[in-house]
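Engineer: This is coords.tsv (TSV, C-alpha atoms).
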```tsv
chain	number	residue	atom	x	y	z
A	114	MET	CA	42.42	-5.17	20.12
A	115	GLY	CA	38.91	-6.55	20.40
A	116	LEU	CA	37.22	-8.87	18.01
A	117	LEU	CA	35.28	-5.92	16.58
A	118	GLU	CA	37.00	-2.82	15.29
A	119	TYR	CA	33.68	-1.03	15.15
A	120	THR	CA	32.59	1.55	17.70
A	121	PHE	CA	28.85	1.53	18.24
A	122	ASP	CA	27.09	4.87	18.55
A	123	TRP	CA	23.37	4.40	18.96
A	124	THR	CA	22.90	8.09	19.72
A	125	VAL	CA	22.77	8.77	15.98
A	126	LEU	CA	19.16	7.58	16.19
A	127	TRP	CA	18.06	10.46	18.41
A	128	ARG	CA	20.69	13.16	18.71
A	129	ALA	CA	20.33	16.38	16.69
A	130	PRO	CA	19.89	16.68	13.80
A	131	TYR	CA	19.58	12.96	13.04
A	132	GLY	CA	16.76	12.24	15.46
A	133	ARG	CA	14.57	14.78	13.69
A	134	MET	CA	15.50	13.25	10.34
A	135	PHE	CA	14.45	9.81	11.56
A	136	LEU	CA	11.14	11.16	12.81
A	137	ASP	CA	10.48	12.97	9.53
A	138	GLY	CA	11.38	9.83	7.58
A	139	THR	CA	9.00	7.74	9.68
A	140	LEU	CA	6.16	10.23	9.22
A	141	THR	CA	6.81	10.32	5.46
A	142	THR	CA	6.63	6.52	5.33
A	143	LEU	CA	3.33	6.49	7.23
A	144	LYS	CA	1.85	9.29	5.13
A	145	LEU	CA	2.89	7.74	1.84
A	146	SER	CA	1.68	4.26	2.84
A	147	ALA	CA	-1.68	5.54	4.09
A	148	MET	CA	-2.37	7.62	0.98
A	149	ALA	CA	-1.30	4.81	-1.34
A	150	TRP	CA	-3.56	2.42	0.57
A	151	VAL	CA	-6.57	4.71	0.14
A	152	ILE	CA	-5.90	4.78	-3.61
A	153	ALA	CA	-5.43	1.01	-3.65
A	154	VAL	CA	-8.69	0.25	-1.84
A	155	ALA	CA	-10.77	2.67	-3.91
A	156	MET	CA	-9.35	1.53	-7.25
A	157	GLY	CA	-9.17	-2.10	-6.17
A	158	LEU	CA	-12.87	-2.17	-5.32
A	159	LEU	CA	-13.75	-0.55	-8.65
A	160	VAL	CA	-11.62	-3.02	-10.61
A	161	ALA	CA	-13.06	-5.97	-8.67
A	162	LEU	CA	-16.60	-4.85	-9.52
A	163	LEU	CA	-15.57	-4.58	-13.16
A	164	ARG	CA	-14.21	-8.12	-13.02
A	165	VAL	CA	-17.52	-9.54	-11.77
A	166	SER	CA	-19.65	-7.40	-14.08
A	167	ARG	CA	-22.08	-9.01	-16.50
A	168	SER	CA	-20.57	-7.01	-19.34
A	169	PRO	CA	-17.71	-8.87	-21.08
A	170	TRP	CA	-16.12	-5.54	-22.02
A	171	LEU	CA	-16.05	-4.33	-18.43
A	172	ARG	CA	-14.67	-7.68	-17.30
A	173	PHE	CA	-11.93	-7.35	-19.90
A	174	VAL	CA	-11.02	-3.86	-18.66
A	175	GLY	CA	-10.73	-5.15	-15.11
A	176	PHE	CA	-8.73	-8.18	-16.24
A	177	ALA	CA	-6.36	-6.03	-18.31
A	178	TYR	CA	-5.74	-3.66	-15.40
A	179	VAL	CA	-4.84	-6.50	-13.04
A	180	GLN	CA	-2.57	-8.23	-15.54
A	181	LEU	CA	-0.79	-5.01	-16.51
A	182	PHE	CA	-0.02	-3.64	-13.07
A	183	ARG	CA	0.26	-6.85	-11.05
A	184	ASN	CA	2.70	-8.44	-13.47
A	185	THR	CA	4.99	-5.41	-13.85
A	186	PRO	CA	7.68	-4.82	-11.20
A	187	LEU	CA	6.86	-2.00	-8.82
A	188	LEU	CA	10.32	-0.53	-9.35
A	189	VAL	CA	9.63	-0.18	-13.08
A	190	GLN	CA	6.31	1.50	-12.35
A	191	LEU	CA	7.99	3.94	-9.96
A	192	PHE	CA	10.48	4.91	-12.66
A	193	PHE	CA	7.66	5.28	-15.19
A	194	TRP	CA	5.59	7.64	-13.04
A	195	TYR	CA	8.58	9.69	-12.00
A	196	TYR	CA	10.64	9.86	-15.19
A	197	ALA	CA	8.40	8.93	-18.12
A	198	ALA	CA	4.86	10.03	-17.25
A	199	PRO	CA	5.68	13.78	-17.18
A	200	LEU	CA	7.15	13.49	-20.68
A	201	LEU	CA	3.72	12.47	-22.00
A	202	LEU	CA	2.32	15.85	-20.97
A	203	PRO	CA	2.41	18.98	-23.17
A	204	GLY	CA	5.36	21.30	-22.63
A	205	PRO	CA	3.47	23.92	-20.55
A	206	ALA	CA	2.01	21.17	-18.35
A	207	GLN	CA	5.48	19.75	-17.72
A	208	THR	CA	6.79	23.18	-16.77
A	209	TRP	CA	3.87	23.76	-14.42
A	210	LEU	CA	4.36	20.33	-12.84
A	211	TYR	CA	8.04	20.84	-12.07
A	212	ASP	CA	7.58	24.46	-10.97
A	213	ASN	CA	4.50	24.04	-8.79
A	214	VAL	CA	4.86	20.55	-7.32
A	215	PRO	CA	8.05	20.79	-5.25
A	216	ASP	CA	7.70	17.28	-3.82
A	217	TYR	CA	6.81	15.54	-7.06
A	218	SER	CA	8.81	12.42	-6.15
A	219	PHE	CA	6.52	11.87	-3.15
A	220	TRP	CA	3.35	12.19	-5.20
A	221	ALA	CA	4.73	10.04	-8.01
A	222	GLY	CA	5.69	7.39	-5.47
A	223	THR	CA	2.27	7.54	-3.83
A	224	ALA	CA	0.49	7.16	-7.17
A	225	ALA	CA	2.72	4.32	-8.35
A	226	LEU	CA	2.43	2.39	-5.09
A	227	GLY	CA	-1.33	2.94	-4.90
A	228	ILE	CA	-2.01	1.89	-8.49
A	229	TYR	CA	0.25	-1.15	-8.20
A	230	THR	CA	-1.31	-2.28	-4.92
A	231	ALA	CA	-4.80	-1.74	-6.34
A	232	SER	CA	-4.21	-4.58	-8.81
A	233	ARG	CA	-3.54	-6.93	-5.88
A	234	VAL	CA	-6.36	-5.57	-3.71
A	235	ALA	CA	-8.77	-6.05	-6.61
A	236	GLU	CA	-8.09	-9.78	-6.58
A	237	GLN	CA	-8.69	-9.88	-2.83
A	238	PHE	CA	-12.04	-8.15	-3.30
A	239	ARG	CA	-12.90	-10.48	-6.16
A	240	SER	CA	-12.12	-13.54	-4.04
A	241	GLY	CA	-14.36	-12.17	-1.30
A	242	LEU	CA	-17.21	-11.58	-3.73
A	243	ALA	CA	-16.76	-15.05	-5.19
A	244	ALA	CA	-16.98	-16.56	-1.69
A	245	ILE	CA	-20.53	-15.28	-1.22
A	246	PRO	CA	-23.05	-18.03	-2.11
A	247	ARG	CA	-25.28	-17.32	-5.09
A	248	ASP	CA	-28.29	-17.87	-2.84
A	249	GLN	CA	-27.28	-14.75	-0.90
A	250	TYR	CA	-27.65	-12.64	-4.03
A	251	GLN	CA	-31.01	-14.17	-4.85
A	252	ALA	CA	-32.25	-13.66	-1.30
A	253	ALA	CA	-31.29	-9.98	-1.46
A	254	TYR	CA	-33.02	-9.51	-4.82
A	255	SER	CA	-36.15	-11.26	-3.50
A	256	THR	CA	-36.55	-8.56	-0.84
A	257	GLY	CA	-36.82	-5.90	-3.53
A	258	LEU	CA	-33.25	-4.61	-3.43
A	259	ASN	CA	-31.73	-3.51	-6.74
A	260	THR	CA	-28.19	-4.42	-7.80
A	261	TYR	CA	-26.57	-1.38	-6.17
A	262	GLN	CA	-28.43	-1.91	-2.89
A	263	THR	CA	-27.61	-5.62	-2.92
A	264	TYR	CA	-23.91	-4.96	-3.17
A	265	ARG	CA	-23.98	-1.96	-0.82
A	266	TYR	CA	-25.97	-3.47	2.05
A	267	VAL	CA	-25.53	-7.24	1.69
A	268	ILE	CA	-22.67	-8.50	-0.47
A	269	LEU	CA	-19.84	-6.03	0.23
A	270	PRO	CA	-20.23	-6.08	4.04
A	271	TYR	CA	-19.90	-9.86	3.94
A	272	ALA	CA	-17.04	-9.86	1.45
A	273	CYS	CA	-15.03	-7.22	3.31
A	274	ARG	CA	-15.16	-9.20	6.55
A	275	ILE	CA	-14.16	-12.41	4.82
A	276	ILE	CA	-11.06	-10.88	3.25
A	277	LEU	CA	-9.77	-9.07	6.35
A	278	PRO	CA	-6.84	-11.51	6.91
A	279	PRO	CA	-5.40	-11.19	3.37
A	280	PHE	CA	-6.25	-7.48	3.44
A	281	THR	CA	-3.99	-7.06	6.44
A	282	THR	CA	-1.20	-8.78	4.55
A	283	GLU	CA	-1.71	-6.54	1.54
A	284	PHE	CA	-1.56	-3.41	3.67
A	285	LEU	CA	1.66	-4.55	5.31
A	286	THR	CA	3.07	-5.34	1.86
A	287	CYS	CA	2.10	-1.85	0.69
A	288	PHE	CA	3.71	-0.39	3.83
A	289	LYS	CA	6.97	-2.28	3.28
A	290	ASN	CA	7.00	-1.59	-0.47
A	291	SER	CA	7.10	2.12	0.35
A	292	ALA	CA	10.84	1.63	0.92
A	293	LEU	CA	11.28	1.31	-2.86
A	294	THR	CA	10.30	4.95	-3.30
A	295	MET	CA	13.79	5.85	-2.11
A	296	THR	CA	14.89	5.02	-5.66
A	297	ILE	CA	13.13	8.15	-6.93
A	298	GLY	CA	14.30	10.36	-4.08
A	299	VAL	CA	11.53	10.08	-1.47
A	300	MET	CA	13.03	10.64	1.98
A	301	GLU	CA	11.17	7.85	3.74
A	302	ILE	CA	12.69	5.94	6.65
A	303	THR	CA	14.99	3.69	4.59
A	304	HIS	CA	16.38	6.55	2.52
A	305	THR	CA	16.78	8.58	5.69
A	306	ALA	CA	18.80	5.77	7.28
A	307	TYR	CA	21.20	5.66	4.33
A	308	TYR	CA	21.39	9.45	4.26
A	309	ILE	CA	22.40	9.63	7.92
A	310	ASP	CA	24.90	6.84	7.36
A	311	SER	CA	26.59	8.93	4.65
A	312	PHE	CA	27.40	11.54	7.31
A	313	THR	CA	28.04	9.41	10.37
A	314	TRP	CA	29.44	6.14	8.98
A	315	HIS	CA	27.16	4.27	11.37
A	316	GLY	CA	25.07	2.32	8.91
A	317	LEU	CA	24.61	-0.60	11.28
A	318	GLU	CA	22.81	1.58	13.79
A	319	THR	CA	20.74	3.49	11.24
A	320	THR	CA	19.59	0.43	9.29
A	321	THR	CA	18.82	-1.39	12.53
A	322	GLY	CA	16.80	1.60	13.69
A	323	ALA	CA	14.88	1.68	10.40
A	324	SER	CA	14.23	-2.06	10.64
A	325	LEU	CA	12.88	-1.70	14.17
A	326	VAL	CA	10.55	1.09	13.03
A	327	TYR	CA	9.13	-1.14	10.29
A	328	LEU	CA	8.81	-4.05	12.70
A	329	ALA	CA	7.09	-2.01	15.42
A	330	ILE	CA	4.56	-0.46	13.04
A	331	ALA	CA	3.83	-3.80	11.34
A	332	ILE	CA	3.23	-5.53	14.68
A	333	CYS	CA	0.87	-2.76	15.78
A	334	VAL	CA	-1.09	-2.99	12.53
A	335	ALA	CA	-1.27	-6.80	12.71
A	336	PHE	CA	-2.45	-6.69	16.33
A	337	PHE	CA	-5.09	-4.06	15.59
A	338	MET	CA	-6.39	-5.90	12.53
A	339	ALA	CA	-6.57	-9.15	14.54
A	340	LEU	CA	-8.89	-7.37	16.97
A	341	VAL	CA	-10.98	-6.01	14.09
A	342	GLU	CA	-11.15	-9.47	12.52
A	343	LYS	CA	-12.28	-10.99	15.81
A	344	GLN	CA	-15.01	-8.39	16.29
A	345	THR	CA	-16.35	-8.60	12.73
A	346	ALA	CA	-16.06	-12.35	12.10
A	347	ILE	CA	-19.19	-13.88	10.57
A	348	PRO	CA	-20.37	-16.88	12.61
A	349	GLY	CA	-20.28	-20.07	10.58
A	350	MET	CA	-18.25	-18.62	7.69
A	351	ILE	CA	-14.79	-18.34	9.25
A	352	VAL	CA	-13.33	-21.01	11.49
A	353	ARG	CA	-11.59	-19.43	14.45
A	354	GLU	CA	-8.38	-20.83	15.85
A	355	GLN	CA	-8.83	-22.75	19.08
```
Once more with this new file: its structure as structure tokens, please.
Structural biologist:
Amino acid sequence: MGLLEYTFDWTVLWRAPYGRMFLDGTLTTLKLSAMAWVIAVAMGLLVALLRVSRSPWLRFVGFAYVQLFRNTPLLVQLFFWYYAAPLLLPGPAQTWLYDNVPDYSFWAGTAALGIYTASRVAEQFRSGLAAIPRDQYQAAYSTGLNTYQTYRYVILPYACRIILPPFTTEFLTCFKNSALTMTIGVMEITHTAYYIDSFTWHGLETTTGASLVYLAIAICVAFFMALVEKQTAIPGMIVREQ
């Protein structure tokens, strides 16, 4: 008898029907992460602008959003959007939701992940805006640009390039956090791995396969963003590694 009483079977990662399940799980993970990231960037930018607004009320709204969603566990927010949020709707709306949105767990997970990540992205945007010297604002105004034009053509392009490194980290965090959506029934790659394990009893292979998928995608994203960062770096504002 060998030291291991376990028989490896790596074919569970590609043989029918499990290979198709793995592919579908990977595509679901990518789709969910991408859609959540779009929500996070759009809402994060809006919240960041509220936080740097001259109006104290708008600043308070932005502050409250960040504190509420950033300081609440993502798992709790997933449960809220999936289990509790529909209960706040009128009866007919609840019925329509459950009858006409067959993949509600996916959309609830996307919304929860996007809204949660937006609170973190907002702080990245705010840090980028805060890094722009006040003289840059005044120079833009002196050319005749209004506030919208100043932010659109001068401030935001600078800020976005400055925050690319932490932005990459936030996207990878959003991508990895998508695994938590398995708790509300989303068949992403992690849930798929456990599902296949329940039939094959080869959890070591399935979880290893899922881990390699995460690792491969994360490395590709990090490499791509490093190229983008290199191409868009602002001379004199970011010190490059020698």
Engineer: Give me, as a list in words, all polymer residues having an atom no more than 10 Å from range 318-330 of chain A, counting only C-alpha atoms and skipping those fewer than 5 positions away in the same chain.
Structural biologist: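 Near neighbours after the sequence-gap exclusion: Phe121, Asp122, Trp123, Thr124, Val125, Leu126, Tyr131, Phe135, Gly138, Thr139, Thr142, Leu143, Leu285, Phe288, Lys289, Ala292, Glu301, Ile302, Thr303, His304, Thr305, Ala306, Tyr307, Tyr308, Ile309, Asp310, Thr313, Ala335 and Phe336 of chain A.
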Engineer: Find, counting all atoms listed in the file, the residue in A:Val214, A:Ala221, A:Leu136, A:Ile268 that gets nearest to Met295 in chain A.
Structural biologist: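 So, comparing all the options, the nearest one is A:Ala221.
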Engineer: Set up a box along x, y and z of the file covering all listed atoms of range 207-218 of chain A, add 5 Å on every one of the six sides, and write the centre and edge lengths in Å to one decimal, as lines of an AutoDock Vina configuration file.
Structural biologist:
```
center_x = 6.3
center_y = 18.4
center_z = -10.8
size_x = 14.9
size_y = 22.0
size_z = 23.9
```
Engineer: Which is closest to Tyr196 in chain A among A:Leu340, A:Val165, A:Ile297, A:Ala153, if we use all atoms listed in the file?
Structural biologist: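 Using all atoms listed in the file, the shortest distance to Tyr196 in chain A belongs to A:Ile297.
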Engineer: What is the CA of Ala346 in chain A-CA of Leu226 in chain A distance in Å, reported with one decimal?
Structural biologist: 29.2 Å
Engineer: One decimal, Å: what's the distance from CA of Trp150 in chain A over to CA of Leu210 in chain A, could you say?
Structural biologist: 23.7 Å
Engineer: Any idea what the distance is between CA of Thr296 in chain A and CA of Ala198 in chain A?
Structural biologist: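 Going from CA of Thr296 in chain A over to CA of Ala198 in chain A covers 16.1 Å.
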Engineer: Can you tell me, as a PyMOL selection string, what residues are no more than 10 Å from Ala253 in chain A when counting only C-alpha atoms, ignoring any on the same chain fewer than 5 positions away?
Structural biologist: chain A and resi 248+258-260+262-264+266-268
Engineer: What would the file look like if the residues just selected were written as a short mmCIF file (atom, residue, chain, number, x, y, z; two decimals), in the frame of the given file with C-alpha atoms?
Structural biologist:
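Dumped to selection.cif:
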```cif
data_model
loop_
_atom_site.label_atom_id
_atom_site.label_comp_id
_atom_site.auth_asym_id
_atom_site.auth_seq_id
_atom_site.Cartn_x
_atom_site.Cartn_y
_atom_site.Cartn_z
CA ASP A 248 -28.29 -17.87 -2.84
CA LEU A 258 -33.25 -4.61 -3.43
CA ASN A 259 -31.73 -3.51 -6.74
CA THR A 260 -28.19 -4.42 -7.80
CA GLN A 262 -28.43 -1.91 -2.89
CA THR A 263 -27.61 -5.62 -2.92
CA TYR A 264 -23.91 -4.96 -3.17
CA TYR A 266 -25.97 -3.47 2.05
CA VAL A 267 -25.53 -7.24 1.69
CA ILE A 268 -22.67 -8.50 -0.47
#
```
Engineer: When you count all atoms listed in the file, which of these residues is closest to Glu236 in chain A: A:Thr223, A:Ser291, A:Gln190, A:Gln180?
Structural biologist: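 Using all atoms listed in the file, the shortest distance to Glu236 in chain A belongs to A:Gln180.
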Engineer: Counting all atoms listed in the file, which of A:Ala339, A:Val334, A:Met300, A:Ala235 gets nearest to Ala155 in chain A?
Structural biologist: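 When distances to Ala155 in chain A are compared using all atoms listed in the file, the smallest one comes from A:Ala235.
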Engineer: Using only C-alpha atoms, determine which residues lie at most 9 Å from Tyr229 in chain A, disregarding the query and same-chain residues fewer than 6 positions distant; provide the list as an MDAnalysis selection string.
Structural biologist: chainID A and resid 153 179 182:183 185:187 190
Engineer: From the list A:Thr230, A:Ala331, A:Cys273, A:Leu181, which residue is nearest Ile152 in chain A when using only C-alpha atoms?
Structural biologist: A:Thr230
Engineer: Let me make sure I understand: among A:Phe193, A:Tyr250, A:Tyr261, A:Phe238, which one has the smallest atom-to-atom distance to Met156 in chain A if we use all atoms listed in the file?
Structural biologist: A:Phe238
